[in-house]
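Undergrad: Below you'll find the structure I mean.
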Amino acid sequence: MGNRFETYGDFSWCELMTRDADASKKFYADVLGWEMEAMPMGEGSSYTVVKAGGEAVGGIMAMPPEVPAQVPTHWGAYVTVEDVDAVAKKAQDIGATVLVPPTDIPNVGRFCTFQDPQGAVLSVIAYIKKAE
């Protein structure tokens, strides 16, 4: 089994965007026994890494205030790619709508989010290669 952070096309991360991060963290810790690790993000925001068996498997974050009120709390999936910009362009060329343009995440990588022609939303991400 390959490394999900390096294998092109592999689902590598899932993330909950919620209007009540504290309630969501408590719920999932109680229901699934997930461990939570806070990661300050700067500018007063924070991100919580979700761990199962000590391994980081996803995250929980408060929905940014600029997100329209009609957008519900939701889980999002990330798929590993090599070139986020190329994938965003190709997806758009064949009918997708880019919802979040290619954007850098400091110390993590580069991602974008698009909606496919059938309406499904997916994020792709290219992780920063770690020196060995």
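Residues are referred to by chain and number: the chain letter is A, B, ... according to the order shown in the structure tokens, the number counts from 1 in that chain, and ligands are numbered separately from 1 in the order shown.
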Quick one: pick out all helix (DSSP H, G or I) residues within chain A from a backbone DSSP run and write them as a list in words.
TA: Ala21, Asp22, Ala23, Ser24, Lys25, Lys26, Phe27, Tyr28, Ala29, Asp30, Val31, Leu32, Val84, Asp85, Ala86, Val87, Ala88, Lys89, Lys90, Ala91, Gln92 and Asp93 of chain A
Undergrad: Would you kindly return, as number ranges by chain, each protein, DNA or RNA residue with an atom no farther than 10 Å from any atom of region 93-108 of chain A, considering only C-alpha atoms and excluding same-chain residues fewer than 3 positions away?
TA: A: 41, 83-90, 111-130
Undergrad: Save out the residues we just selected, N, CA and C atoms, as a PDB file, in the first residue's frame.
TA:
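Contents of again26.pdb, as written:
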ATOM      1  N   MET A  41      -3.300  28.377  13.557  1.00  0.00           N
ATOM      2  CA  MET A  41      -3.091  28.717  12.152  1.00  0.00           C
ATOM      3  C   MET A  41      -2.689  30.169  11.951  1.00  0.00           C
ATOM      4  N   ASP A  83       0.307  18.156  -9.619  1.00  0.00           N
ATOM      5  CA  ASP A  83       0.273  19.544 -10.062  1.00  0.00           C
ATOM      6  C   ASP A  83      -1.160  20.074  -9.954  1.00  0.00           C
ATOM      7  N   VAL A  84      -1.445  20.773  -8.880  1.00  0.00           N
ATOM      8  CA  VAL A  84      -2.788  21.283  -8.612  1.00  0.00           C
ATOM      9  C   VAL A  84      -3.264  22.206  -9.726  1.00  0.00           C
ATOM     10  N   ASP A  85      -2.396  23.086 -10.199  1.00  0.00           N
ATOM     11  CA  ASP A  85      -2.786  24.039 -11.236  1.00  0.00           C
ATOM     12  C   ASP A  85      -3.196  23.318 -12.524  1.00  0.00           C
ATOM     13  N   ALA A  86      -2.451  22.298 -12.909  1.00  0.00           N
ATOM     14  CA  ALA A  86      -2.767  21.547 -14.122  1.00  0.00           C
ATOM     15  C   ALA A  86      -4.086  20.793 -13.969  1.00  0.00           C
ATOM     16  N   VAL A  87      -4.313  20.203 -12.803  1.00  0.00           N
ATOM     17  CA  VAL A  87      -5.563  19.473 -12.567  1.00  0.00           C
ATOM     18  C   VAL A  87      -6.742  20.438 -12.563  1.00  0.00           C
ATOM     19  N   ALA A  88      -6.588  21.599 -11.930  1.00  0.00           N
ATOM     20  CA  ALA A  88      -7.673  22.595 -11.911  1.00  0.00           C
ATOM     21  C   ALA A  88      -8.022  23.021 -13.333  1.00  0.00           C
ATOM     22  N   LYS A  89      -7.006  23.263 -14.159  1.00  0.00           N
ATOM     23  CA  LYS A  89      -7.245  23.680 -15.544  1.00  0.00           C
ATOM     24  C   LYS A  89      -7.936  22.577 -16.333  1.00  0.00           C
ATOM     25  N   LYS A  90      -7.447  21.351 -16.188  1.00  0.00           N
ATOM     26  CA  LYS A  90      -8.042  20.231 -16.918  1.00  0.00           C
ATOM     27  C   LYS A  90      -9.491  20.027 -16.495  1.00  0.00           C
ATOM     28  N   PHE A 111      -3.597  23.423  -2.874  1.00  0.00           N
ATOM     29  CA  PHE A 111      -4.850  22.735  -3.126  1.00  0.00           C
ATOM     30  C   PHE A 111      -5.784  23.591  -3.960  1.00  0.00           C
ATOM     31  N   CYS A 112      -6.833  22.964  -4.461  1.00  0.00           N
ATOM     32  CA  CYS A 112      -7.964  23.675  -5.052  1.00  0.00           C
ATOM     33  C   CYS A 112      -9.202  22.802  -4.866  1.00  0.00           C
ATOM     34  N   THR A 113     -10.342  23.426  -5.004  1.00  0.00           N
ATOM     35  CA  THR A 113     -11.613  22.711  -4.875  1.00  0.00           C
ATOM     36  C   THR A 113     -12.443  22.996  -6.109  1.00  0.00           C
ATOM     37  N   PHE A 114     -13.030  21.943  -6.671  1.00  0.00           N
ATOM     38  CA  PHE A 114     -13.887  22.142  -7.834  1.00  0.00           C
ATOM     39  C   PHE A 114     -15.167  21.329  -7.688  1.00  0.00           C
ATOM     40  N   GLN A 115     -16.160  21.721  -8.488  1.00  0.00           N
ATOM     41  CA  GLN A 115     -17.426  20.996  -8.552  1.00  0.00           C
ATOM     42  C   GLN A 115     -17.505  20.373  -9.941  1.00  0.00           C
ATOM     43  N   ASP A 116     -17.701  19.063  -9.992  1.00  0.00           N
ATOM     44  CA  ASP A 116     -17.728  18.389 -11.284  1.00  0.00           C
ATOM     45  C   ASP A 116     -19.044  18.690 -12.011  1.00  0.00           C
ATOM     46  N   PRO A 117     -19.146  18.328 -13.294  1.00  0.00           N
ATOM     47  CA  PRO A 117     -20.356  18.651 -14.056  1.00  0.00           C
ATOM     48  C   PRO A 117     -21.643  18.055 -13.480  1.00  0.00           C
ATOM     49  N   GLN A 118     -21.524  17.008 -12.653  1.00  0.00           N
ATOM     50  CA  GLN A 118     -22.700  16.405 -12.034  1.00  0.00           C
ATOM     51  C   GLN A 118     -23.044  17.029 -10.686  1.00  0.00           C
ATOM     52  N   GLY A 119     -22.189  17.950 -10.194  1.00  0.00           N
ATOM     53  CA  GLY A 119     -22.470  18.665  -8.951  1.00  0.00           C
ATOM     54  C   GLY A 119     -21.672  18.236  -7.742  1.00  0.00           C
ATOM     55  N   ALA A 120     -20.880  17.158  -7.843  1.00  0.00           N
ATOM     56  CA  ALA A 120     -20.077  16.707  -6.706  1.00  0.00           C
ATOM     57  C   ALA A 120     -18.871  17.624  -6.513  1.00  0.00           C
ATOM     58  N   VAL A 121     -18.516  17.863  -5.257  1.00  0.00           N
ATOM     59  CA  VAL A 121     -17.396  18.744  -4.915  1.00  0.00           C
ATOM     60  C   VAL A 121     -16.226  17.895  -4.432  1.00  0.00           C
ATOM     61  N   LEU A 122     -15.026  18.225  -4.898  1.00  0.00           N
ATOM     62  CA  LEU A 122     -13.812  17.509  -4.528  1.00  0.00           C
ATOM     63  C   LEU A 122     -12.654  18.491  -4.448  1.00  0.00           C
ATOM     64  N   SER A 123     -11.748  18.240  -3.527  1.00  0.00           N
ATOM     65  CA  SER A 123     -10.513  19.026  -3.440  1.00  0.00           C
ATOM     66  C   SER A 123      -9.347  18.145  -3.859  1.00  0.00           C
ATOM     67  N   VAL A 124      -8.374  18.754  -4.533  1.00  0.00           N
ATOM     68  CA  VAL A 124      -7.131  18.066  -4.868  1.00  0.00           C
ATOM     69  C   VAL A 124      -5.995  18.811  -4.181  1.00  0.00           C
ATOM     70  N   ILE A 125      -4.939  18.061  -3.857  1.00  0.00           N
ATOM     71  CA  ILE A 125      -3.835  18.655  -3.112  1.00  0.00           C
ATOM     72  C   ILE A 125      -2.507  18.041  -3.528  1.00  0.00           C
ATOM     73  N   ALA A 126      -1.493  18.882  -3.620  1.00  0.00           N
ATOM     74  CA  ALA A 126      -0.105  18.448  -3.834  1.00  0.00           C
ATOM     75  C   ALA A 126       0.635  18.834  -2.565  1.00  0.00           C
ATOM     76  N   TYR A 127       1.116  17.842  -1.856  1.00  0.00           N
ATOM     77  CA  TYR A 127       1.807  18.076  -0.593  1.00  0.00           C
ATOM     78  C   TYR A 127       3.252  18.489  -0.833  1.00  0.00           C
ATOM     79  N   ILE A 128       3.780  19.296   0.064  1.00  0.00           N
ATOM     80  CA  ILE A 128       5.198  19.658   0.021  1.00  0.00           C
ATOM     81  C   ILE A 128       5.997  18.380   0.251  1.00  0.00           C
ATOM     82  N   LYS A 129       6.961  18.147  -0.587  1.00  0.00           N
ATOM     83  CA  LYS A 129       7.814  16.983  -0.426  1.00  0.00           C
ATOM     84  C   LYS A 129       8.754  17.219   0.750  1.00  0.00           C
ATOM     85  N   LYS A 130       8.772  16.281   1.680  1.00  0.00           N
ATOM     86  CA  LYS A 130       9.638  16.368   2.859  1.00  0.00           C
ATOM     87  C   LYS A 130      11.023  15.843   2.516  1.00  0.00           C
TER      88      LYS A 130
END
Undergrad: To one decimal place, how far is CA of Ala91 (chain A) from CA of Tyr78 (chain A) in Å?
TA: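 Those two atoms sit 14.8 Å apart.
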Undergrad: For Ser46 (chain A), which residue among A:Gly109, A:Ala21, A:Gly58, A:Ala29 is the nearest when counting only C-alpha atoms?
TA: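 Ranking A:Gly109, A:Ala21, A:Gly58, A:Ala29 by distance to Ser46 (chain A), first place goes to A:Ala21.
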Undergrad: I need the residue nearest Val81 (chain A) from this list: A:Glu6, A:Asp22, A:Glu15, A:Asp30. Use only C-alpha atoms for the distance.
TA: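 Among A:Glu6, A:Asp22, A:Glu15, A:Asp30, it is A:Glu6 that comes nearest to Val81 (chain A).
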Undergrad: Name the residues in contact with Ala56 (chain A) at a cut-off of 12 Å, using only C-alpha atoms, excluding same-chain residues fewer than 5 positions from it; report them as number ranges by chain.
TA: A: 4-5, 12-15, 34-38, 48-51
Undergrad: When you draw a straight line from CA of Met17 (chain A) to CA of Val31 (chain A), how long is it in Å?
TA: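 Taking CA of Met17 (chain A) as the start and CA of Val31 (chain A) as the end point, the length is 17.8 Å.
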Undergrad: Can you work out the spacing between CA of Lys25 (chain A) and CA of Val71 (chain A) in Å, to one decimal?
TA: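 Here the two named atoms are 19.4 Å from each other.
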Undergrad: Using DSSP assignments from the backbone, pull out every residue in chain A that falls under strand (DSSP E) and give it to me as a ChimeraX atom specification.
TA: /A:11-18,35-42,45-52,55-62,74-80,97-105,109-115,121-127
Undergrad: For Ala52 (chain A), which residue among A:Met39, A:Leu32, A:Ala77, A:Val67 is the nearest when counting only C-alpha atoms?
TA: A:Leu32
Undergrad: Considering only C-alpha atoms, state which residue in the set A:Gly53, A:Ala23, A:Asp10, A:Ser45 is at the smallest distance from Pro65 (chain A).
TA: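 The shortest atom-to-atom distance to Pro65 (chain A) comes from A:Ser45.
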